[in-house]
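Asker: Supplied in structure tokens, the structure appears directly below.
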Amino acid sequence: MVFSPPYRLWLLADVALLVTLTVWGVVRYPRLPDRIPEHIGIDGVDAWTDRSIGSAFVLVFLYAGVTVLMILCTEMTLRITPRDELPPGKVASSLVNRPGSRASARRTARALLVLNTCIGLSFLVGCGVLWRSAPEPEVPVWVFVAMLVPILAGTAVTVAAALRDRKR
């Protein structure tokens, strides 16, 4: 991997969130009710499922998969030859959205890792609902806001990095 030490530092938050989710889930699992939320809608829990490792840890497994995907995307972003380094006369493929420069690639890589951390924060809130001790269908509205705001913030950072590259 091309990840230099500064990019490994950006991964620390993701690893810390993944470890936190895993440990919290392992501690909570024995005390979970037999039925846990399967789907949470705007009106609260509207579908239930039997407690199992898969159903209880779905958000942890999903975050682990998203983290691997984001690391791969970040790695590819850092490895691709930027437009300003292409040999003279070589036309960039329209199928590849190349960063304009190495600085742009680094900005995009950081933005992807920030987005991943924001997704993890949203899943942390979701696990709080999923791992409640009592099977209550009510979910306060602030939970949806708390899950949505980090993802929107991470998306805004990523879009801002992409738009900055387009201006150059």
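Residue names in the structure tokens use chain letters A, B, ... in the order shown, residue numbers from 1 in each chain, and ligand numbers from 1 in the order shown.
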Within 10 Å of Ala160 (chain A), counting only C-alpha atoms, which residues show up once you throw out same-chain ones fewer than 5 positions away? Write them as a VMD selection string, please.

Answerer: chain A and resid 107 to 108 111 154 to 155 165 to 166

Asker: Output as JSON, numbers by chain all residues of chain A that backbone DSSP marks as strand (DSSP E).

Answerer: {"A": [35, 36, 37, 38, 39, 40, 41, 44, 45, 46, 47, 48, 49, 50]}

Asker: Give me every helix (DSSP H, G or I) residue in region 54-156 of chain A, going by DSSP on the backbone, as a PyMOL selection string.

Answerer: chain A and resi 54-56+58-79+83-85+102-130+141-156

Asker: When you draw a straight line from CA of Pro82 (chain A) to CA of Ser101 (chain A), how long is it in Å?

Answerer: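 Distance between the two atoms: 5.0 Å.
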
Asker: Pick the closest to Asp50 (chain A) from A:Val145, A:Val129, A:Leu32, A:Ala64: which is it, counting only C-alpha atoms?

Answerer: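 For Asp50 (chain A), the nearest of the given residues is A:Leu32.
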
Asker: Between A:Leu148, A:Ala47, A:Ile80, A:Ala13, which is the closest to Phe123 (chain A) once you count only C-alpha atoms?

Answerer: A:Leu148

Asker: Find, counting only C-alpha atoms, the residue in A:Leu124, A:Met147, A:Met70, A:Leu115 that gets nearest to Val159 (chain A).

Answerer: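 The closest residue to Val159 (chain A) is A:Leu115.
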
Asker: Report, in Å with one decimal, the straight-line distance from CA of Thr67 (chain A) to CA of Leu112 (chain A).

Answerer: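 Distance reported for this atom pair: 9.9 Å.
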
Asker: Can you measure CA of Ser122 (chain A) to CA of Ile151 (chain A) for me? One decimal in Å is fine.

Answerer: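 Going from CA of Ser122 (chain A) over to CA of Ile151 (chain A) covers 6.8 Å.
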
Asker: I want to know what sits within 8 Å of Leu113 (chain A), based on only C-alpha atoms, with residues of the same chain fewer than 2 positions away left out; could you give that as an MDAnalysis selection string?

Answerer: chainID A and resid 10:11 14 70:71 74 109:111 115:117

Asker: Using the selection just defined, write its residues with all heavy atoms as a compact mmCIF listing (two decimals), in the first residue's frame.

Answerer:
```txt
# COMPACT_ATOMS: atom_id res chain seq x y z
N TRP A 10 -4.97 9.03 9.66
CA TRP A 10 -6.37 9.30 9.33
C TRP A 10 -7.22 8.04 9.51
O TRP A 10 -8.43 8.14 9.73
CB TRP A 10 -6.50 9.81 7.90
CG TRP A 10 -6.09 11.24 7.75
CD1 TRP A 10 -4.83 11.71 7.48
CD2 TRP A 10 -6.91 12.38 7.88
NE1 TRP A 10 -4.83 13.07 7.44
CE2 TRP A 10 -6.10 13.52 7.67
CE3 TRP A 10 -8.26 12.57 8.15
CZ2 TRP A 10 -6.59 14.81 7.73
CZ3 TRP A 10 -8.75 13.86 8.19
CH2 TRP A 10 -7.93 14.96 7.99
N LEU A 11 -6.61 6.87 9.42
CA LEU A 11 -7.34 5.62 9.61
C LEU A 11 -7.57 5.29 11.09
O LEU A 11 -8.40 4.45 11.40
CB LEU A 11 -6.57 4.46 8.97
CG LEU A 11 -6.62 4.38 7.46
CD1 LEU A 11 -5.64 3.33 6.95
CD2 LEU A 11 -8.03 4.06 6.99
N ASP A 14 -11.14 5.49 12.22
CA ASP A 14 -11.96 4.40 11.70
C ASP A 14 -11.71 3.10 12.47
O ASP A 14 -12.65 2.39 12.81
CB ASP A 14 -11.67 4.18 10.21
CG ASP A 14 -11.98 5.43 9.39
OD1 ASP A 14 -12.95 6.13 9.71
OD2 ASP A 14 -11.23 5.70 8.44
N MET A 70 -13.57 1.91 1.41
CA MET A 70 -13.01 3.27 1.43
C MET A 70 -11.49 3.26 1.41
O MET A 70 -10.86 4.11 0.77
CB MET A 70 -13.50 4.05 2.65
CG MET A 70 -14.94 4.42 2.56
SD MET A 70 -15.25 5.60 1.23
CE MET A 70 -16.78 6.27 1.78
N ILE A 71 -10.89 2.30 2.10
CA ILE A 71 -9.42 2.19 2.07
C ILE A 71 -8.95 1.87 0.65
O ILE A 71 -7.98 2.45 0.16
CB ILE A 71 -8.93 1.13 3.08
CG1 ILE A 71 -9.12 1.66 4.50
CG2 ILE A 71 -7.47 0.76 2.83
CD1 ILE A 71 -8.89 0.62 5.58
N THR A 74 -9.34 4.97 -1.46
CA THR A 74 -8.29 5.92 -1.10
C THR A 74 -6.96 5.50 -1.69
O THR A 74 -6.22 6.31 -2.24
CB THR A 74 -8.20 6.05 0.43
OG1 THR A 74 -9.47 6.48 0.93
CG2 THR A 74 -7.13 7.02 0.85
N ALA A 109 -8.27 11.78 -0.92
CA ALA A 109 -8.03 10.63 -0.03
C ALA A 109 -8.45 10.95 1.40
O ALA A 109 -9.13 10.16 2.06
CB ALA A 109 -6.56 10.22 -0.09
N ARG A 110 -8.05 12.12 1.87
CA ARG A 110 -8.43 12.52 3.24
C ARG A 110 -9.95 12.66 3.34
O ARG A 110 -10.55 12.24 4.34
CB ARG A 110 -7.76 13.83 3.62
CG ARG A 110 -6.30 13.68 3.96
CD ARG A 110 -5.71 14.95 4.57
NE ARG A 110 -5.85 16.11 3.71
CZ ARG A 110 -4.93 16.55 2.87
NH1 ARG A 110 -3.78 15.91 2.76
NH2 ARG A 110 -5.14 17.62 2.12
N ALA A 111 -10.57 13.22 2.32
CA ALA A 111 -12.03 13.40 2.34
C ALA A 111 -12.74 12.05 2.41
O ALA A 111 -13.73 11.90 3.13
CB ALA A 111 -12.48 14.19 1.12
N LEU A 115 -15.19 10.86 5.36
CA LEU A 115 -16.53 10.34 5.09
C LEU A 115 -16.73 8.99 5.77
O LEU A 115 -17.77 8.74 6.37
CB LEU A 115 -16.76 10.22 3.57
CG LEU A 115 -18.08 9.58 3.13
CD1 LEU A 115 -19.29 10.34 3.68
CD2 LEU A 115 -18.14 9.48 1.62
N ASN A 116 -15.73 8.14 5.71
CA ASN A 116 -15.85 6.83 6.36
C ASN A 116 -16.02 6.98 7.87
O ASN A 116 -16.82 6.27 8.48
CB ASN A 116 -14.64 5.96 6.03
CG ASN A 116 -14.85 4.54 6.46
OD1 ASN A 116 -15.80 3.89 6.01
ND2 ASN A 116 -14.01 4.06 7.35
N THR A 117 -15.27 7.89 8.47
CA THR A 117 -15.41 8.12 9.91
C THR A 117 -16.82 8.61 10.23
O THR A 117 -17.43 8.18 11.21
CB THR A 117 -14.36 9.14 10.40
OG1 THR A 117 -13.06 8.63 10.11
CG2 THR A 117 -14.49 9.40 11.89
```

Asker: I want to know what sits within 10 Å of Trp131 (chain A), based on only C-alpha atoms, with residues of the same chain fewer than 6 positions away left out; could you give that as a PyMOL selection string?

Answerer: chain A and resi 24-25+28-29+31-33+36-37+56-57

Asker: Considering only C-alpha atoms, state which residue in the set A:Val15, A:Met76, A:Leu9, A:Val26 is at the smallest distance from Ile53 (chain A).

Answerer: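 When distances to Ile53 (chain A) are compared using only C-alpha atoms, the smallest one comes from A:Val26.
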
Asker: Residues near Leu59 (chain A), anyone? I mean within 7 Å using only C-alpha atoms, not counting same-chain ones fewer than 3 positions away, as an MDAnalysis selection string.

Answerer: chainID A and resid 62:63 123 127

Asker: Would you mind exporting the chosen residues as a short mmCIF file (atom, residue, chain, number, x, y, z; two decimals), in the first residue's frame, restricted to N, CA, C and O atoms?

Answerer:
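As a result, again32.cif now contains:
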```
data_model
loop_
_atom_site.label_atom_id
_atom_site.label_comp_id
_atom_site.auth_asym_id
_atom_site.auth_seq_id
_atom_site.Cartn_x
_atom_site.Cartn_y
_atom_site.Cartn_z
N LEU A 62 -21.26 -4.22 8.39
CA LEU A 62 -21.41 -3.25 7.28
C LEU A 62 -20.33 -2.18 7.36
O LEU A 62 -19.72 -1.84 6.34
N TYR A 63 -20.05 -1.68 8.56
CA TYR A 63 -19.02 -0.66 8.70
C TYR A 63 -17.64 -1.22 8.37
O TYR A 63 -16.83 -0.53 7.74
N PHE A 123 -23.32 4.93 12.34
CA PHE A 123 -23.58 3.55 12.75
C PHE A 123 -23.49 3.39 14.27
O PHE A 123 -24.18 2.55 14.85
N CYS A 127 -26.35 1.65 16.37
CA CYS A 127 -26.13 0.53 17.29
C CYS A 127 -26.76 0.81 18.64
O CYS A 127 -27.23 -0.10 19.32
#
```

Asker: Would you mind telling me which residue in A:Leu18, A:Pro135, A:Val141, A:Tyr7 lies nearest to Asp46 (chain A) when using only C-alpha atoms?

Answerer: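 Distance minimum relative to Asp46 (chain A) lands on A:Pro135.
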